[in-house]
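Asks: Below is the file structure_32.csv, which contains CSV, C-alpha atoms.
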```csv
chain,number,residue,atom,x,y,z
A,1311,MET,CA,105.0,101.4,97.2
A,1312,ASP,CA,103.9,103.0,100.4
A,1313,VAL,CA,101.3,101.2,102.5
A,1314,HIS,CA,99.3,103.0,105.2
A,1315,ASN,CA,97.2,101.4,107.9
A,1316,VAL,CA,94.3,103.8,107.8
A,1317,THR,CA,92.6,102.2,110.8
A,1318,ALA,CA,95.6,102.3,113.0
A,1319,ASP,CA,94.0,104.9,115.4
A,1320,ALA,CA,90.6,103.1,115.5
A,1321,GLU,CA,88.9,103.2,119.0
A,1322,THR,CA,86.4,100.5,118.1
A,1323,PHE,CA,86.9,96.9,116.8
A,1324,THR,CA,87.8,96.8,113.1
A,1325,ALA,CA,90.0,94.9,110.8
A,1326,ASN,CA,93.1,96.6,109.6
A,1327,VAL,CA,92.6,98.5,106.4
A,1328,TYR,CA,95.5,99.3,104.2
A,1329,LEU,CA,95.9,102.0,101.5
A,1330,ALA,CA,98.6,101.2,98.9
A,1331,THR,CA,99.6,104.5,97.2
A,1332,GLY,CA,101.4,104.9,93.9
A,1333,ASP,CA,100.3,104.4,90.3
A,1334,ARG,CA,97.0,102.8,91.4
A,1335,PRO,CA,95.8,103.9,94.8
A,1336,THR,CA,94.1,100.9,96.3
A,1337,LEU,CA,92.4,100.1,99.5
A,1338,VAL,CA,92.5,96.6,100.9
A,1339,ASP,CA,89.3,96.0,102.8
A,1340,ALA,CA,87.1,98.8,104.2
A,1341,GLY,CA,86.9,98.1,107.9
A,1342,ALA,CA,84.4,99.2,110.5
A,1343,MET,CA,85.9,102.5,111.7
A,1344,ASP,CA,83.8,105.6,111.5
A,1345,GLY,CA,85.5,108.4,109.7
A,1346,ILE,CA,87.7,106.2,107.5
A,1347,VAL,CA,87.0,108.3,104.5
A,1348,ASP,CA,88.6,111.3,106.1
A,1349,VAL,CA,91.7,109.3,106.9
A,1350,ILE,CA,92.0,108.1,103.3
A,1351,ARG,CA,91.7,111.7,102.1
A,1352,GLU,CA,94.8,112.5,104.2
A,1353,TYR,CA,96.7,110.4,101.7
A,1354,THR,CA,94.8,110.6,98.4
A,1355,ASP,CA,91.7,112.0,96.8
A,1356,ASP,CA,91.9,109.5,93.9
A,1357,LEU,CA,91.1,106.0,95.2
A,1358,ASP,CA,91.0,103.7,92.1
A,1359,ALA,CA,90.0,100.4,93.7
A,1360,VAL,CA,88.9,98.6,96.8
A,1361,VAL,CA,89.9,95.0,97.1
A,1362,LEU,CA,88.2,92.7,99.7
A,1363,THR,CA,90.0,89.8,101.3
A,1364,HIS,CA,86.6,88.6,102.5
A,1365,GLN,CA,83.3,90.0,103.5
A,1366,HIS,CA,83.1,89.6,107.3
A,1367,GLY,CA,81.6,92.6,109.0
A,1368,ASP,CA,84.8,94.0,110.5
A,1369,HIS,CA,86.2,94.1,107.0
A,1370,VAL,CA,83.3,95.6,105.1
A,1371,ALA,CA,81.1,97.7,107.5
A,1372,GLN,CA,82.3,101.0,106.0
A,1373,LEU,CA,82.4,99.7,102.4
A,1374,ASP,CA,79.4,101.7,101.3
A,1375,ALA,CA,80.8,104.9,102.8
A,1376,VAL,CA,84.1,104.4,101.0
A,1377,LEU,CA,82.4,103.6,97.7
A,1378,ASP,CA,80.1,106.6,98.0
A,1379,ALA,CA,83.0,108.9,98.6
A,1380,PHE,CA,85.3,107.7,95.8
A,1381,ASP,CA,84.7,106.6,92.2
A,1382,ALA,CA,86.5,103.3,92.9
A,1383,LYS,CA,86.1,99.8,91.5
A,1384,LEU,CA,85.2,97.0,93.9
A,1385,TYR,CA,87.0,93.7,93.6
A,1386,ALA,CA,85.7,90.7,95.6
A,1387,ASN,CA,85.6,87.0,95.3
A,1388,ALA,CA,82.0,86.5,96.5
A,1389,ASP,CA,79.0,88.3,95.0
A,1390,HIS,CA,78.3,91.8,96.4
A,1391,PRO,CA,75.7,94.3,95.1
A,1392,ARG,CA,78.4,96.8,94.3
A,1393,ARG,CA,81.1,94.5,93.0
A,1394,THR,CA,82.5,95.6,89.6
A,1395,ASN,CA,85.2,92.9,89.3
A,1396,GLY,CA,85.5,89.3,90.5
A,1397,LEU,CA,88.6,88.0,92.1
A,1398,ASP,CA,89.4,84.4,91.3
A,1399,ASP,CA,92.4,82.2,92.2
A,1400,GLY,CA,95.3,83.0,89.9
A,1401,ASP,CA,94.0,86.4,88.8
A,1402,THR,CA,96.5,89.3,88.9
A,1403,ILE,CA,95.7,92.8,90.0
A,1404,GLN,CA,97.7,96.0,90.2
A,1405,MET,CA,97.6,97.7,93.6
A,1406,GLY,CA,99.8,100.7,94.3
A,1407,ASP,CA,103.0,100.2,92.2
A,1408,GLU,CA,103.0,96.4,92.3
A,1409,THR,CA,101.2,93.5,90.6
A,1410,PHE,CA,99.7,91.0,92.9
A,1411,GLU,CA,98.5,87.4,92.4
A,1412,VAL,CA,95.2,86.4,93.9
A,1413,VAL,CA,95.5,83.2,96.0
A,1414,TYR,CA,92.2,81.7,97.1
A,1415,THR,CA,92.6,81.0,100.8
A,1416,PRO,CA,89.3,79.8,102.4
A,1417,GLY,CA,88.9,78.3,105.9
A,1418,HIS,CA,88.4,81.4,107.9
A,1419,ALA,CA,85.8,82.5,105.3
A,1420,ASP,CA,84.5,80.8,102.2
A,1421,ASP,CA,85.3,83.8,100.0
A,1422,HIS,CA,88.7,84.6,101.5
A,1423,VAL,CA,91.6,85.6,99.2
A,1424,SER,CA,95.2,86.7,99.9
A,1425,LEU,CA,97.2,88.9,97.6
A,1426,VAL,CA,100.9,88.3,97.0
A,1427,SER,CA,103.5,90.2,94.9
A,1428,THR,CA,107.3,89.8,94.7
A,1429,SER,CA,107.7,91.8,97.9
A,1430,THR,CA,104.4,92.0,99.7
A,1431,LEU,CA,101.7,89.8,101.2
A,1432,PHE,CA,98.2,91.0,102.1
A,1433,SER,CA,97.1,88.0,104.0
A,1434,GLY,CA,93.7,89.1,105.4
A,1435,ASP,CA,92.8,86.8,108.3
A,1436,THR,CA,94.5,83.7,106.8
A,1437,VAL,CA,97.8,84.4,108.5
A,1438,VAL,CA,98.7,87.2,111.0
A,1439,HIS,CA,101.8,88.1,112.8
A,1440,ASP,CA,100.3,88.6,116.3
A,1441,ASP,CA,96.8,88.5,117.5
A,1442,GLY,CA,96.7,88.0,121.2
A,1443,ALA,CA,96.7,84.2,120.9
A,1444,PHE,CA,100.1,83.8,119.3
A,1445,GLU,CA,103.0,86.1,118.3
A,1446,GLY,CA,105.4,85.5,115.5
A,1447,GLY,CA,102.9,83.6,113.3
A,1448,SER,CA,99.2,83.0,113.9
A,1449,PHE,CA,96.1,82.2,111.8
A,1450,GLY,CA,92.5,83.1,111.5
A,1451,ARG,CA,90.0,81.6,113.8
A,1452,THR,CA,88.0,78.6,112.6
A,1453,ASP,CA,85.7,77.8,115.5
A,1454,ASN,CA,82.6,79.6,114.1
A,1455,PRO,CA,79.9,78.0,111.9
A,1456,GLY,CA,81.0,77.6,108.3
A,1457,GLN,CA,84.7,77.8,109.2
A,1458,SER,CA,87.2,75.0,108.7
A,1459,ARG,CA,90.6,74.4,110.3
A,1460,GLU,CA,91.3,71.7,107.8
A,1461,ARG,CA,90.6,74.0,104.8
A,1462,LEU,CA,92.6,76.8,106.4
A,1463,ILE,CA,95.6,74.5,106.7
A,1464,GLU,CA,95.3,73.7,103.0
A,1465,SER,CA,95.1,77.4,102.3
A,1466,ILE,CA,98.3,78.3,104.2
A,1467,GLU,CA,100.1,75.5,102.4
A,1468,ASP,CA,98.9,76.9,99.1
A,1469,LEU,CA,100.1,80.3,100.1
A,1470,LEU,CA,103.6,79.0,101.0
A,1471,ASP,CA,103.7,77.2,97.6
A,1472,ARG,CA,102.9,80.3,95.7
A,1473,MET,CA,104.6,83.0,97.7
A,1474,PRO,CA,108.0,84.1,96.3
A,1475,GLU,CA,111.1,83.9,98.6
A,1476,THR,CA,111.5,87.7,98.1
A,1477,VAL,CA,108.4,88.6,100.1
A,1478,GLU,CA,109.4,90.7,103.1
A,1479,HIS,CA,106.3,92.8,104.0
A,1480,MET,CA,103.2,91.3,105.5
A,1481,TYR,CA,100.0,93.2,106.0
A,1482,SER,CA,97.3,91.2,107.8
A,1483,GLY,CA,93.7,91.8,108.8
A,1484,HIS,CA,94.5,92.0,112.5
A,1485,GLY,CA,97.6,92.5,114.7
A,1486,GLY,CA,100.7,94.3,113.7
A,1487,VAL,CA,102.5,94.8,110.3
A,1488,PHE,CA,105.5,92.6,109.8
A,1489,HIS,CA,108.7,93.3,107.8
A,1490,GLY,CA,111.3,90.6,107.5
A,1491,ASP,CA,111.2,86.9,106.9
A,1492,VAL,CA,107.6,86.5,106.0
A,1493,ARG,CA,108.0,82.9,105.0
A,1494,LYS,CA,109.1,82.0,108.5
A,1495,ILE,CA,106.0,83.7,109.9
A,1496,VAL,CA,103.7,81.8,107.6
A,1497,GLU,CA,105.5,78.5,108.3
A,1498,THR,CA,105.1,79.1,112.0
A,1499,ALA,CA,101.4,79.8,111.6
A,1500,LEU,CA,101.0,76.6,109.6
A,1501,GLU,CA,102.8,74.6,112.4
A,1502,ARG,CA,100.5,76.0,115.0
A,1503,ALA,CA,97.3,75.5,112.9
A,1504,GLU,CA,98.3,71.8,112.3
A,1505,LYS,CA,98.3,71.1,116.0
A,1506,ARG,CA,94.5,71.5,115.7
A,1507,GLU,CA,94.2,72.8,119.3
A,1508,PRO,CA,91.6,75.5,120.1
A,1509,LYS,CA,93.1,78.9,119.3
A,1510,TYR,CA,91.2,80.5,122.2
A,1511,ASP,CA,89.9,79.1,125.5
```
Have the structure of the file written as structure tokens, please.

Replies:
Amino acid sequence: MDVHNVTADAETFTANVYLATGDRPTLVDAGAMDGIVDVIREYTDDLDAVVLTHQHGDHVAQLDAVLDAFDAKLYANADHPRRTNGLDDGDTIQMGDETFEVVYTPGHADDHVSLVSTSTLFSGDTVVHDDGAFEGGSFGRTDNPGQSRERLIESIEDLLDRMPETVEHMYSGHGGVFHGDVRKIVETALERAEKREPKYD
């Protein structure tokens, strides 16, 4: 399965948006980058699904544009006017060439889910590799209203419990893509989150 970061060249603030190609072309999040539809079309004209990790603005600002351009189903945990399919903890969904399990991972957002297969983790903003605060394992911010560091810690623990040892690709909502020992990155993120220190000054 090939995964493309279609917002890699964004000049404005946006979440990373990933296109998994293969048997079922699927977009993970929709981002906030103008022109994203044109970039998606560089890889496929047949987008089957859009899967949301959560509905913060930097992840969904271009959602209507994407759905208007493609006849794609919308999968989301929380209600959305254009949602066609819910995403609940323990569900499975095919994206690209792989089957992913939905892991409910709130803390950064009440509706946050992560998606894990035997080889790949789409972690949204629950865990990232590098984000300007930490490298080699960081976590989504929890200092805004409605967010919870304690719940995020539980979510990262759940993710570790349910993530196969064979996962070696991590695609997160911010920062760089990581290939290698994903479990170590997630464990490092957990250790840093458990210190309960402010992530940013």

Asks: Please check which residues have atoms at most 12 Å from (88.2, 94.6, 104.1) in the file's coordinates, counting all atoms listed in the file, and write them as a PyMOL selection string.

Replies: chain A and resi 1315-1317+1324-1329+1336-1343+1360-1374+1376+1384-1387+1421-1424+1432-1435+1482-1484

Asks: From the list A:Ala1330, A:Ala1359, A:Ile1403, A:Val1492, which residue is nearest Gly1447 in chain A when using only C-alpha atoms?

Replies: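 Ranking A:Ala1330, A:Ala1359, A:Ile1403, A:Val1492 by distance to Gly1447 in chain A, first place goes to A:Val1492.
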
Asks: Considering all atoms listed in the file, can you say which of A:Ala1375, A:Ala1419, A:Val1313, A:Ala1382 comes closest to Asp1355 in chain A?

Replies: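 Looking at the shortest contact to Asp1355 in chain A, the residue is A:Ala1382.
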
Asks: If we count only C-alpha atoms, what is near Glu1464 in chain A at a cut-off of 12 Å, once residues fewer than 2 positions away on the same chain are taken out, given as a list in words?

Replies: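 Here the qualifying residues turn out to be Val1413, Tyr1414, Thr1415, Pro1416, Gly1417, His1418, Thr1436, Ser1458, Arg1459, Glu1460, Arg1461, Leu1462, Ile1466, Glu1467, Asp1468, Leu1469, Leu1470, Asp1471, Leu1500, Ala1503 and Glu1504 of chain A.
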
Asks: Work out how far apart CA of Glu1352 in chain A and CA of Asn1395 in chain A are and give it in Å to one decimal.

Replies: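 CA of Glu1352 in chain A sits 26.4 Å away from CA of Asn1395 in chain A.
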
Asks: Using all atoms listed in the file for the distances, tell me which of A:Arg1334, A:Arg1392, A:Arg1506, A:Arg1351 is nearest to Arg1451 in chain A.

Replies: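 Checking each candidate against Arg1451 in chain A, we get A:Arg1506 as the closest.
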
Asks: How many Å separate CA of His1314 in chain A from CA of Met1405 in chain A?

Replies: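 Answer for the CA of His1314 in chain A to CA of Met1405 in chain A separation: 12.9 Å.
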
Asks: CA of Val1412 in chain A and CA of Pro1474 in chain A, how far apart in Å?

Replies: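 Spanning CA of Pro1474 in chain A to CA of Val1412 in chain A is a straight-line distance of 13.2 Å.
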
Asks: Determine the nearest neighbour of Ala1379 in chain A from the options A:Asp1312, A:Val1347, A:Ile1463, A:Lys1509, counting all atoms listed in the file.

Replies: A:Val1347

Asks: My list of candidates is A:Thr1331, A:Thr1428, A:Thr1498, A:Thr1322. Which is closest to Gly1446 in chain A when distances are computed with only C-alpha atoms?

Replies: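 The answer is A:Thr1498, which sits nearest to Gly1446 in chain A.
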
Asks: Taking into account all atoms listed in the file, which residue in the set A:Val1496, A:Ile1346, A:Leu1357, A:Val1477 is nearest to Val1438 in chain A?

Replies: A:Val1496
